[in-house]
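Visitor: This is the content of protein20.txt (compact mmCIF, C-alpha atoms):
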```txt
# COMPACT_ATOMS: atom_id res chain seq x y z
CA MET A 1 179.35 -43.26 91.77
CA ARG A 2 177.52 -46.28 93.13
CA TYR A 3 178.17 -49.85 92.01
CA LEU A 4 176.47 -53.22 91.79
CA THR A 5 177.36 -56.62 90.38
CA LEU A 6 175.77 -58.30 87.39
CA ALA A 7 174.37 -61.83 87.36
CA GLY A 8 173.55 -61.84 91.06
CA GLY A 9 177.15 -61.26 92.04
CA ALA A 10 178.61 -63.77 89.60
CA GLY A 11 179.33 -61.13 86.98
CA PRO A 12 181.53 -58.04 87.00
CA GLU A 13 180.99 -55.03 89.23
CA VAL A 14 179.53 -52.15 87.23
CA SER A 15 178.66 -48.52 87.82
CA ALA A 16 175.01 -47.79 88.63
CA LEU A 17 174.81 -45.77 85.41
CA CYS A 18 175.73 -47.28 82.05
CA LEU A 19 176.90 -45.01 79.24
CA GLY A 20 175.22 -45.85 75.95
CA ILE A 21 177.38 -44.80 73.01
CA LEU A 22 175.08 -45.54 70.06
CA PRO A 23 175.89 -42.29 68.16
CA PHE A 24 179.57 -42.06 69.12
CA GLY A 25 181.85 -42.03 66.11
CA SER A 26 178.99 -41.10 63.79
CA THR A 27 176.62 -38.24 64.66
CA VAL A 28 178.68 -37.49 67.77
CA ASP A 29 182.21 -36.72 66.59
CA GLU A 30 185.31 -38.31 68.04
CA GLU A 31 186.44 -35.30 70.07
CA THR A 32 183.07 -34.98 71.78
CA SER A 33 182.78 -38.75 72.22
CA PHE A 34 186.16 -38.94 73.91
CA ALA A 35 185.28 -35.99 76.16
CA VAL A 36 182.08 -37.70 77.33
CA LEU A 37 183.86 -41.00 77.91
CA ASP A 38 186.65 -39.23 79.80
CA ARG A 39 184.19 -37.44 82.09
CA PHE A 40 182.22 -40.63 82.67
CA ALA A 41 185.39 -42.46 83.69
CA GLU A 42 186.51 -39.53 85.87
CA ALA A 43 183.17 -39.71 87.70
CA GLY A 44 183.68 -43.41 88.40
CA GLY A 45 181.65 -44.73 85.48
CA THR A 46 182.82 -48.15 84.34
CA PHE A 47 179.95 -49.60 82.30
CA VAL A 48 179.73 -48.79 78.55
CA ASP A 49 177.14 -50.12 76.11
CA THR A 50 177.43 -50.43 72.34
CA ALA A 51 176.42 -52.81 69.52
CA ASN A 52 177.79 -54.18 66.28
CA ASN A 53 175.33 -52.16 64.19
CA TYR A 54 175.75 -48.64 65.61
CA SER A 55 175.07 -46.59 63.58
CA ILE A 56 174.18 -48.37 60.38
CA TRP A 57 171.26 -46.01 59.67
CA GLY A 58 173.38 -42.86 59.49
CA PRO A 59 174.75 -41.40 56.25
CA GLY A 60 177.47 -43.76 55.10
CA GLY A 61 177.07 -45.85 58.25
CA THR A 62 178.68 -49.29 58.39
CA GLY A 63 177.72 -50.36 61.90
CA ASN A 64 181.40 -50.41 62.90
CA GLU A 65 181.57 -46.84 64.14
CA SER A 66 180.62 -47.12 67.82
CA GLU A 67 182.61 -50.26 68.64
CA GLU A 68 185.68 -48.96 66.82
CA LEU A 69 185.52 -45.64 68.63
CA LEU A 70 185.27 -47.36 72.01
CA GLY A 71 188.25 -49.51 71.08
CA ARG A 72 190.30 -46.42 70.18
CA TRP A 73 189.32 -44.67 73.41
CA MET A 74 190.20 -47.65 75.60
CA ARG A 75 193.59 -48.04 73.90
CA SER A 76 194.45 -44.34 74.05
CA ARG A 77 193.48 -44.06 77.71
CA GLY A 78 194.63 -47.48 78.86
CA ARG A 79 191.09 -48.10 80.17
CA ARG A 80 190.27 -51.63 79.00
CA GLU A 81 190.68 -53.23 82.41
CA ASN A 82 188.64 -50.45 84.02
CA THR A 83 185.79 -50.66 81.51
CA VAL A 84 182.98 -53.19 81.52
CA VAL A 85 182.10 -53.55 77.85
CA ALA A 86 178.64 -54.56 76.67
CA THR A 87 177.87 -55.11 73.01
CA LYS A 88 175.21 -56.87 70.94
CA VAL A 89 174.69 -59.14 67.95
CA GLY A 90 171.75 -59.77 65.65
CA ALA A 91 170.70 -56.45 64.16
CA ARG A 92 173.58 -55.87 61.78
CA PRO A 93 172.47 -55.90 58.13
CA ASP A 94 172.99 -58.96 55.96
CA PRO A 95 173.29 -57.95 52.27
CA ALA A 96 172.09 -61.43 51.28
CA ARG A 97 168.73 -60.57 52.83
CA GLY A 98 168.23 -57.39 50.84
CA SER A 99 169.18 -53.74 51.04
CA GLU A 100 166.53 -52.43 53.44
CA TRP A 101 167.38 -52.24 57.13
CA PRO A 102 166.00 -53.51 59.53
CA ALA A 103 164.24 -56.05 57.29
CA ASN A 104 167.66 -57.44 56.35
CA TRP A 105 169.16 -57.82 59.79
CA GLN A 106 171.24 -60.92 60.43
CA GLY A 107 169.23 -62.47 63.23
CA LEU A 108 170.47 -64.98 65.78
CA ALA A 109 171.55 -68.12 63.96
CA ALA A 110 174.52 -69.88 65.57
CA ASP A 111 176.95 -68.87 62.81
CA THR A 112 175.85 -65.24 63.15
CA VAL A 113 176.42 -65.28 66.90
CA ARG A 114 179.88 -66.82 66.49
CA GLY A 115 180.86 -64.50 63.67
CA GLY A 116 179.44 -61.52 65.52
CA ILE A 117 181.70 -61.92 68.54
CA GLU A 118 184.76 -62.27 66.33
CA GLY A 119 183.98 -59.00 64.60
CA SER A 120 183.19 -57.18 67.84
CA LEU A 121 186.40 -58.35 69.52
CA ARG A 122 188.40 -57.13 66.53
CA ARG A 123 186.73 -53.71 66.44
CA LEU A 124 186.95 -53.27 70.21
CA GLY A 125 190.57 -54.42 70.30
CA THR A 126 190.03 -56.88 73.13
CA ASP A 127 189.94 -60.63 73.77
CA ARG A 128 186.64 -60.69 75.64
CA VAL A 129 183.29 -58.94 75.92
CA ASP A 130 182.03 -58.58 79.47
CA LEU A 131 178.33 -58.62 78.53
CA TYR A 132 177.05 -59.93 75.20
CA TYR A 133 173.43 -59.39 74.16
CA ALA A 134 171.11 -61.05 71.70
CA HIS A 135 170.09 -57.71 70.23
CA ILE A 136 166.68 -58.60 68.86
CA GLU A 137 164.38 -61.58 69.21
CA ASP A 138 164.63 -63.87 66.19
CA ARG A 139 161.76 -66.33 65.92
CA THR A 140 163.01 -67.68 62.59
CA VAL A 141 165.80 -69.53 64.42
CA PRO A 142 165.16 -72.27 67.00
CA MET A 143 165.68 -70.85 70.47
CA GLU A 144 167.81 -73.90 71.29
CA GLU A 145 170.28 -73.00 68.55
CA THR A 146 170.70 -69.42 69.75
CA VAL A 147 171.01 -70.32 73.41
CA GLY A 148 173.57 -73.00 72.62
CA ALA A 149 175.68 -70.62 70.53
CA PHE A 150 175.75 -67.98 73.25
CA ALA A 151 176.64 -70.56 75.89
CA GLU A 152 179.57 -71.72 73.74
CA LEU A 153 181.02 -68.21 73.83
CA VAL A 154 180.98 -68.22 77.64
CA ALA A 155 182.56 -71.68 77.73
CA GLN A 156 185.39 -70.58 75.44
CA GLY A 157 186.04 -67.41 77.47
CA SER A 158 185.28 -64.75 74.88
CA VAL A 159 182.17 -63.61 76.79
CA SER A 160 181.63 -63.28 80.54
CA VAL A 161 177.89 -62.62 80.98
CA LEU A 162 174.96 -63.10 78.60
CA GLY A 163 171.99 -60.85 78.00
CA CYS A 164 169.13 -60.24 75.62
CA SER A 165 167.43 -57.09 74.40
CA ASN A 166 164.07 -56.42 72.74
CA HIS A 167 162.68 -59.82 73.71
CA ALA A 168 159.23 -60.77 74.95
CA SER A 169 159.15 -61.77 78.62
CA TRP A 170 158.00 -65.31 77.80
CA ALA A 171 160.91 -65.71 75.37
CA VAL A 172 163.39 -64.63 78.05
CA SER A 173 161.93 -67.07 80.54
CA ALA A 174 161.87 -69.96 78.04
CA ALA A 175 165.49 -69.39 76.98
CA ARG A 176 166.64 -69.23 80.58
CA GLN A 177 164.79 -72.41 81.50
CA TYR A 178 166.20 -74.27 78.51
CA ALA A 179 169.74 -73.23 79.48
CA ALA A 180 169.23 -74.04 83.17
CA ASP A 181 167.92 -77.52 82.39
CA ARG A 182 171.13 -78.27 80.49
CA GLY A 183 173.63 -76.56 82.74
CA LEU A 184 174.38 -73.86 80.17
CA ALA A 185 175.13 -70.18 80.73
CA ARG A 186 171.86 -68.26 80.54
CA TYR A 187 170.72 -64.71 79.93
CA ALA A 188 171.32 -62.72 83.11
CA CYS A 189 170.73 -59.18 81.81
CA VAL A 190 167.77 -57.83 79.89
CA GLN A 191 167.92 -54.44 78.18
CA GLN A 192 164.57 -52.98 77.16
CA ARG A 193 162.98 -49.60 76.66
CA TYR A 194 161.79 -48.55 80.13
CA THR A 195 161.09 -45.28 81.91
CA TYR A 196 158.91 -43.68 84.57
CA LEU A 197 156.04 -43.11 82.13
CA GLN A 198 154.03 -46.17 81.16
CA PRO A 199 152.89 -46.73 77.56
CA ARG A 200 149.23 -47.11 76.78
CA PRO A 201 147.98 -50.71 76.51
CA GLY A 202 148.92 -52.20 73.17
CA ALA A 203 151.38 -49.44 72.28
CA ASP A 204 153.72 -50.50 69.49
CA PHE A 205 157.41 -49.61 69.68
CA GLY A 206 158.21 -51.52 66.52
CA THR A 207 161.36 -53.59 66.93
CA GLN A 208 162.05 -52.09 70.35
CA GLY A 209 160.89 -54.09 73.34
CA PHE A 210 159.31 -52.32 76.32
CA ALA A 211 159.76 -53.73 79.81
CA GLY A 212 156.20 -54.32 80.93
CA ILE A 213 155.05 -55.24 84.42
CA ASP A 214 155.33 -58.96 83.65
CA LEU A 215 159.01 -58.69 82.71
CA VAL A 216 159.86 -56.33 85.58
CA GLU A 217 158.21 -58.66 88.09
CA TYR A 218 159.87 -61.73 86.56
CA ILE A 219 163.32 -60.18 86.79
CA GLY A 220 162.53 -59.14 90.36
CA THR A 221 162.11 -62.80 91.34
CA GLN A 222 165.38 -63.95 89.76
CA GLU A 223 168.46 -63.44 91.90
CA ASP A 224 170.84 -63.61 88.94
CA MET A 225 169.06 -61.07 86.72
CA THR A 226 169.46 -57.34 86.09
CA LEU A 227 167.18 -55.02 84.11
CA LEU A 228 168.82 -52.30 82.05
CA ALA A 229 166.69 -49.44 80.75
CA TYR A 230 167.25 -47.64 77.49
CA GLY A 231 165.17 -44.68 76.36
CA SER A 232 164.70 -43.83 80.03
CA LEU A 233 164.81 -40.07 79.38
CA ILE A 234 162.59 -40.39 76.27
CA HIS A 235 164.98 -38.40 74.10
CA GLY A 236 164.93 -35.33 76.34
CA ALA A 237 161.15 -34.91 76.41
CA TYR A 238 160.96 -34.77 80.22
CA THR A 239 162.80 -31.45 80.27
CA ARG A 240 162.98 -29.96 76.77
CA ASP A 241 160.13 -27.95 75.30
CA ASP A 242 161.29 -28.77 71.78
CA LYS A 243 160.89 -32.52 72.36
CA ARG A 244 157.49 -34.18 72.28
CA ILE A 245 156.55 -37.13 74.46
CA LEU A 246 156.45 -40.24 72.27
CA GLU A 247 152.95 -40.98 71.04
CA GLN A 248 153.05 -44.41 72.69
CA TYR A 249 152.74 -42.58 76.03
CA ASP A 250 149.77 -40.51 74.88
CA HIS A 251 147.03 -41.43 77.38
CA PRO A 252 145.42 -39.80 80.46
CA GLY A 253 147.75 -41.47 82.95
CA THR A 254 150.78 -39.73 81.48
CA GLU A 255 149.76 -36.28 82.68
CA ARG A 256 149.23 -37.61 86.22
CA ARG A 257 152.71 -39.08 86.22
CA LEU A 258 154.26 -35.96 84.75
CA SER A 259 152.57 -33.87 87.43
CA ALA A 260 153.93 -36.10 90.18
CA LEU A 261 157.37 -36.01 88.57
CA ARG A 262 157.37 -32.21 88.51
CA GLU A 263 156.29 -32.06 92.15
CA VAL A 264 159.05 -34.40 93.28
CA ALA A 265 161.61 -32.51 91.20
CA LYS A 266 160.54 -29.27 92.86
CA GLU A 267 160.67 -30.80 96.35
CA THR A 268 164.15 -32.22 95.82
CA GLY A 269 165.62 -29.38 93.78
CA ALA A 270 166.51 -31.89 91.09
CA THR A 271 165.61 -31.93 87.42
CA PRO A 272 162.87 -34.28 86.16
CA ASN A 273 165.57 -36.26 84.34
CA GLN A 274 167.47 -36.77 87.57
CA VAL A 275 164.33 -37.86 89.39
CA VAL A 276 163.57 -40.45 86.68
CA LEU A 277 167.10 -41.84 86.87
CA ALA A 278 167.00 -41.91 90.68
CA TRP A 279 163.61 -43.67 90.55
CA LEU A 280 165.13 -46.38 88.36
CA MET A 281 168.33 -46.81 90.34
CA GLY A 282 166.48 -46.77 93.67
CA ALA A 283 163.94 -49.45 92.79
CA HIS A 284 163.57 -52.43 95.13
CA LYS A 285 165.72 -54.27 92.62
CA PRO A 286 167.86 -51.54 91.06
CA VAL A 287 167.47 -50.86 87.36
CA ILE A 288 170.56 -49.67 85.48
CA PRO A 289 169.79 -46.75 83.15
CA VAL A 290 171.63 -46.83 79.83
CA LEU A 291 172.30 -43.14 79.27
CA GLY A 292 171.79 -41.73 75.82
CA VAL A 293 173.79 -38.51 76.01
CA SER A 294 175.64 -36.61 73.32
CA SER A 295 177.47 -33.94 75.33
CA VAL A 296 179.37 -33.54 78.57
CA ALA A 297 176.66 -31.16 79.83
CA GLN A 298 173.98 -33.82 79.38
CA LEU A 299 176.18 -36.34 81.15
CA GLU A 300 176.76 -33.96 84.07
CA GLU A 301 173.02 -33.69 84.62
CA ALA A 302 172.68 -37.47 84.64
CA LEU A 303 175.58 -37.89 87.06
CA GLY A 304 173.72 -35.63 89.47
CA ALA A 305 171.13 -38.39 89.88
CA VAL A 306 173.59 -40.77 91.52
CA ASP A 307 173.43 -39.00 94.88
CA LEU A 308 169.71 -38.23 94.71
CA GLU A 309 167.90 -40.28 97.33
CA LEU A 310 164.14 -40.60 96.95
CA GLY A 311 162.72 -41.43 100.36
CA PRO A 312 159.68 -43.68 100.86
CA GLU A 313 157.19 -40.80 100.71
CA LEU A 314 158.58 -39.45 97.45
CA ARG A 315 158.73 -42.89 95.86
CA ALA A 316 155.17 -43.54 96.98
CA LYS A 317 154.03 -40.29 95.38
CA LEU A 318 155.70 -41.24 92.10
CA ASP A 319 154.44 -44.82 92.12
CA ALA A 320 150.87 -43.92 93.00
CA ALA A 321 150.42 -41.38 90.21
```
Go through the file and emit its structure as structure tokens.

Guide:
Amino acid sequence: MRYLTLAGGAGPEVSALCLGILPFGSTVDEETSFAVLDRFAEAGGTFVDTANNYSIWGPGGTGNESEELLGRWMRSRGRRENTVVATKVGARPDPARGSEWPANWQGLAADTVRGGIEGSLRRLGTDRVDLYYAHIEDRTVPMEETVGAFAELVAQGSVSVLGCSNHASWAVSAARQYAADRGLARYACVQQRYTYLQPRPGADFGTQGFAGIDLVEYIGTQEDMTLLAYGSLIHGAYTRDDKRILEQYDHPGTERRLSALREVAKETGATPNQVVLAWLMGAHKPVIPVLGVSSVAQLEEALGAVDLELGPELRAKLDAA
């Protein structure tokens, strides 16, 4: 495993791959979830990502499942001090706002942020969260209120590093500037949908934010920032015939990129998935992939990307496509 530090060295050291456990404890049963977590830890993985609403959309889902499972695993394995825990607030349903999710999500009011961390700490069985994200952008709440509430959590010691997910690049920049001007803790990590394929102009991912060139370049200029990529393997579509490429990537440039990806995979003897992960991790400013796996076999393939080095010529071939 390779490692890097969050927040420009001010945050915790984390593994170059982050294990996303969205379906763990719900559609992925506990035995399988524990097996994947065990193998990840055995391979040197330390960084685990969850949220306080995973998986509310499943049959009978409460949103507690993923955090509670991670808490049970850490207690049973004695792994809390060896695990960098990331979780999120904002997209949990609020019954007072109706019964339809995501229209009824809580948002990012100060009381929601404060109450969210209390619930997450209880479910995780810990006294701190290493990385706490604003899960979705909430333009119904003044940015100043949200930023102030997150900064309070850092000041009181219940959170170490702040992040945001599914936010527009301008909103990230504005929130960071507001915090910097007042000496407050600011967002250092951004988690967005991001992969080797590029969406067509104007593609709509709904509530999910895609890391466009503007955001990638902005993060690249900020010493204290890290980009984390979810959906980086586009649900298996790079390698599985039964999975279709998302329609947002349906444009002529996609086939050029897929062709280059296949060529590099053939030259390196790696799978397309491994090449995509290596391309992310080997960027000028490394991107941390948030793995969405549901079996040990899928994890093993992803782990094989850690030692895959894409030299300048191979990277140039991928980037030029």

Visitor: Please enclose the listed atoms of region 73-81 of chain A in an axis-aligned box, pad each side by 6 Å, and write out the centre and the three edge lengths in Å, rounded to one decimal, as lines of an AutoDock Vina configuration file.

Guide:
```
center_x = 192.0
center_y = -48.6
center_z = 77.9
size_x = 17.3
size_y = 21.2
size_z = 21.0
```

Visitor: With all atoms listed in the file as the atoms that count, which of A:Tyr218, A:Ala283, A:Ala10, A:Gln191 lies nearest to Ser173 (chain A)?

Guide: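 Closest residue, counting all atoms listed in the file: A:Tyr218.
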
Visitor: Find the residues around Gly236 (chain A) up to 10 Å (all atoms listed in the file counted), leave out those fewer than 6 positions away in its own chain, and share them as a list in words.

Guide: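 My reading of the contact set: Asp242, Lys243, Arg244, Ile245, Asn273, Gly292, Val293 and Gln298 of chain A.
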
Visitor: Select, from A:Asp49, A:Glu42, A:Glu118, A:Glu65, the residue with the minimum atom-to-atom distance to Ser26 (chain A), counting all atoms listed in the file.

Guide: A:Glu65

Visitor: Compare A:Lys285, A:Arg257, A:Arg193, A:Arg182 by their minimum atom-to-atom distance to Leu233 (chain A), counting only C-alpha atoms, and give me the closest one.

Guide: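 For Leu233 (chain A), the nearest of the given residues is A:Arg193.
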
Visitor: May I have the protein, DNA and RNA residues with an atom at most 12 Å from (159.6, -66.6, 74.6), counting all atoms listed in the file in the file's coordinates, returned as a ChimeraX atom specification?

Guide: /A:137-139,142-144,164,166-178,215

Visitor: Taking C-alpha atoms for each residue, export the selection above as a PDB file, in the frame of the given file.

Guide:
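Generated output (result27.pdb):
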```pdb
ATOM      1  CA  GLU A 137     164.380 -61.580  69.210  1.00  0.00           C
ATOM      2  CA  ASP A 138     164.630 -63.870  66.190  1.00  0.00           C
ATOM      3  CA  ARG A 139     161.760 -66.330  65.920  1.00  0.00           C
ATOM      4  CA  PRO A 142     165.160 -72.270  67.000  1.00  0.00           C
ATOM      5  CA  MET A 143     165.680 -70.850  70.470  1.00  0.00           C
ATOM      6  CA  GLU A 144     167.810 -73.900  71.290  1.00  0.00           C
ATOM      7  CA  CYS A 164     169.130 -60.240  75.620  1.00  0.00           C
ATOM      8  CA  ASN A 166     164.070 -56.420  72.740  1.00  0.00           C
ATOM      9  CA  HIS A 167     162.680 -59.820  73.710  1.00  0.00           C
ATOM     10  CA  ALA A 168     159.230 -60.770  74.950  1.00  0.00           C
ATOM     11  CA  SER A 169     159.150 -61.770  78.620  1.00  0.00           C
ATOM     12  CA  TRP A 170     158.000 -65.310  77.800  1.00  0.00           C
ATOM     13  CA  ALA A 171     160.910 -65.710  75.370  1.00  0.00           C
ATOM     14  CA  VAL A 172     163.390 -64.630  78.050  1.00  0.00           C
ATOM     15  CA  SER A 173     161.930 -67.070  80.540  1.00  0.00           C
ATOM     16  CA  ALA A 174     161.870 -69.960  78.040  1.00  0.00           C
ATOM     17  CA  ALA A 175     165.490 -69.390  76.980  1.00  0.00           C
ATOM     18  CA  ARG A 176     166.640 -69.230  80.580  1.00  0.00           C
ATOM     19  CA  GLN A 177     164.790 -72.410  81.500  1.00  0.00           C
ATOM     20  CA  TYR A 178     166.200 -74.270  78.510  1.00  0.00           C
ATOM     21  CA  LEU A 215     159.010 -58.690  82.710  1.00  0.00           C
TER      22      LEU A 215
END
```

Visitor: Give the answer as one residue: which of A:Gly115, A:Pro201, A:Gly45, A:Gly304 has the shortest atom-to-atom distance to Thr271 (chain A), using only C-alpha atoms?

Guide: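 Using only C-alpha atoms, Thr271 (chain A) sits closest to A:Gly304.
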
Visitor: Give me the residues near Gln198 (chain A) as an MDAnalysis selection string, where near means some atom within 12 Å (using all atoms listed in the file) and where sequence neighbours in that chain fewer than 4 positions away do not count.

Guide: chainID A and resid 193:194 202:203 210:213 232 234 245:258 319 321

Visitor: For CA of Pro12 (chain A) and CA of Glu301 (chain A), determine how far apart the two atoms are, in Å to one decimal place.

Guide: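 CA of Glu301 (chain A) lies 25.9 Å from CA of Pro12 (chain A).
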
Visitor: Give me the residues within 9 Å of Gly107 (chain A) as a PyMOL selection string, counting all atoms listed in the file and dropping any in the same chain fewer than 2 places off.

Guide: chain A and resi 89-94+104-105+109+112-113+134-141

Visitor: I want to know what sits within 12 Å of Phe47 (chain A), based on all atoms listed in the file, with residues of the same chain fewer than 4 positions away left out; could you give that as number ranges by chain?

Guide: A: 1-6, 12-21, 37, 40-41, 43, 70, 79-87, 129-131, 228, 288-291

Visitor: Using Å and a single decimal, report how far CA of Leu280 (chain A) sits from CA of Leu124 (chain A).

Guide: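 Taking CA of Leu124 (chain A) and CA of Leu280 (chain A), their separation equals 29.2 Å.
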
Visitor: By how many Å are CA of Ser294 (chain A) and CA of Val28 (chain A) apart?

Guide: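 Answer for the CA of Ser294 (chain A) to CA of Val28 (chain A) separation: 6.4 Å.
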
Visitor: So that I can see what lies close to Tyr187 (chain A), please list as a PyMOL selection string the residues with an atom at most 6 Å from it, counting all atoms listed in the file and leaving out residues fewer than 2 positions away in the same chain.

Guide: chain A and resi 162-163+189

Visitor: Save out the residues we just selected, C-alpha atoms, as a short mmCIF file (atom, residue, chain, number, x, y, z; two decimals), in the coordinates of the input.

Guide:
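Written output follows (selection_3.cif):
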```cif
data_model
loop_
_atom_site.label_atom_id
_atom_site.label_comp_id
_atom_site.auth_asym_id
_atom_site.auth_seq_id
_atom_site.Cartn_x
_atom_site.Cartn_y
_atom_site.Cartn_z
CA LEU A 162 174.96 -63.10 78.60
CA GLY A 163 171.99 -60.85 78.00
CA CYS A 189 170.73 -59.18 81.81
#
```

Visitor: From the set A:Ala229, A:Ser295, A:Glu267, A:Gly157, which residue has the shortest atom-to-atom contact distance to Val216 (chain A), counting all atoms listed in the file?

Guide: A:Ala229

Visitor: For a quick check of understanding, using only C-alpha atoms, which of A:His235, A:Arg77, A:Arg72, A:Arg114 has the smallest distance to Tyr132 (chain A)?

Guide: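 Ranking A:His235, A:Arg77, A:Arg72, A:Arg114 by distance to Tyr132 (chain A), first place goes to A:Arg114.
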
Visitor: Could you complete region 129-146 of chain A so that it carries N, CA, C and O atoms, and give it back as a CSV table (one decimal), in the coordinates of the input?

Guide:
```csv
chain,number,residue,atom,x,y,z
A,129,VAL,N,184.4,-59.9,75.7
A,129,VAL,CA,183.3,-58.9,75.9
A,129,VAL,C,182.7,-59.3,77.3
A,129,VAL,O,182.4,-60.5,77.5
A,130,ASP,N,182.5,-58.3,78.1
A,130,ASP,CA,182.0,-58.6,79.5
A,130,ASP,C,180.5,-58.9,79.5
A,130,ASP,O,180.1,-59.8,80.3
A,131,LEU,N,179.8,-58.3,78.6
A,131,LEU,CA,178.3,-58.6,78.5
A,131,LEU,C,177.9,-58.6,77.1
A,131,LEU,O,178.1,-57.7,76.3
A,132,TYR,N,177.4,-59.8,76.6
A,132,TYR,CA,177.0,-59.9,75.2
A,132,TYR,C,175.6,-60.2,75.1
A,132,TYR,O,175.0,-61.1,75.7
A,133,TYR,N,174.9,-59.3,74.3
A,133,TYR,CA,173.4,-59.4,74.2
A,133,TYR,C,173.0,-60.0,72.8
A,133,TYR,O,173.6,-59.7,71.8
A,134,ALA,N,171.9,-60.8,72.9
A,134,ALA,CA,171.1,-61.0,71.7
A,134,ALA,C,170.3,-59.8,71.5
A,134,ALA,O,169.4,-59.5,72.2
A,135,HIS,N,170.6,-59.1,70.4
A,135,HIS,CA,170.1,-57.7,70.2
A,135,HIS,C,168.6,-57.6,70.0
A,135,HIS,O,167.9,-56.7,70.4
A,136,ILE,N,168.1,-58.6,69.2
A,136,ILE,CA,166.7,-58.6,68.9
A,136,ILE,C,166.2,-60.0,68.9
A,136,ILE,O,167.0,-61.0,68.7
A,137,GLU,N,164.9,-60.2,69.2
A,137,GLU,CA,164.4,-61.6,69.2
A,137,GLU,C,164.2,-62.1,67.8
A,137,GLU,O,163.8,-61.3,66.9
A,138,ASP,N,164.7,-63.3,67.5
A,138,ASP,CA,164.6,-63.9,66.2
A,138,ASP,C,163.9,-65.2,66.2
A,138,ASP,O,164.4,-66.2,66.6
A,139,ARG,N,162.6,-65.1,65.8
A,139,ARG,CA,161.8,-66.3,65.9
A,139,ARG,C,161.9,-67.2,64.7
A,139,ARG,O,161.2,-68.2,64.6
A,140,THR,N,162.8,-66.8,63.8
A,140,THR,CA,163.0,-67.7,62.6
A,140,THR,C,164.1,-68.7,62.9
A,140,THR,O,164.3,-69.7,62.1
A,141,VAL,N,164.8,-68.6,64.0
A,141,VAL,CA,165.8,-69.5,64.4
A,141,VAL,C,165.4,-70.2,65.7
A,141,VAL,O,164.8,-69.6,66.6
A,142,PRO,N,165.5,-71.6,65.8
A,142,PRO,CA,165.2,-72.3,67.0
A,142,PRO,C,165.9,-71.7,68.2
A,142,PRO,O,167.1,-71.4,68.2
A,143,MET,N,165.1,-71.4,69.3
A,143,MET,CA,165.7,-70.8,70.5
A,143,MET,C,166.9,-71.7,71.0
A,143,MET,O,167.9,-71.2,71.4
A,144,GLU,N,166.8,-73.0,70.8
A,144,GLU,CA,167.8,-73.9,71.3
A,144,GLU,C,169.1,-73.6,70.6
A,144,GLU,O,170.2,-73.7,71.2
A,145,GLU,N,169.1,-73.3,69.3
A,145,GLU,CA,170.3,-73.0,68.6
A,145,GLU,C,170.9,-71.7,69.1
A,145,GLU,O,172.2,-71.7,69.3
A,146,THR,N,170.1,-70.7,69.3
A,146,THR,CA,170.7,-69.4,69.8
A,146,THR,C,171.3,-69.5,71.1
A,146,THR,O,172.4,-69.1,71.4
```
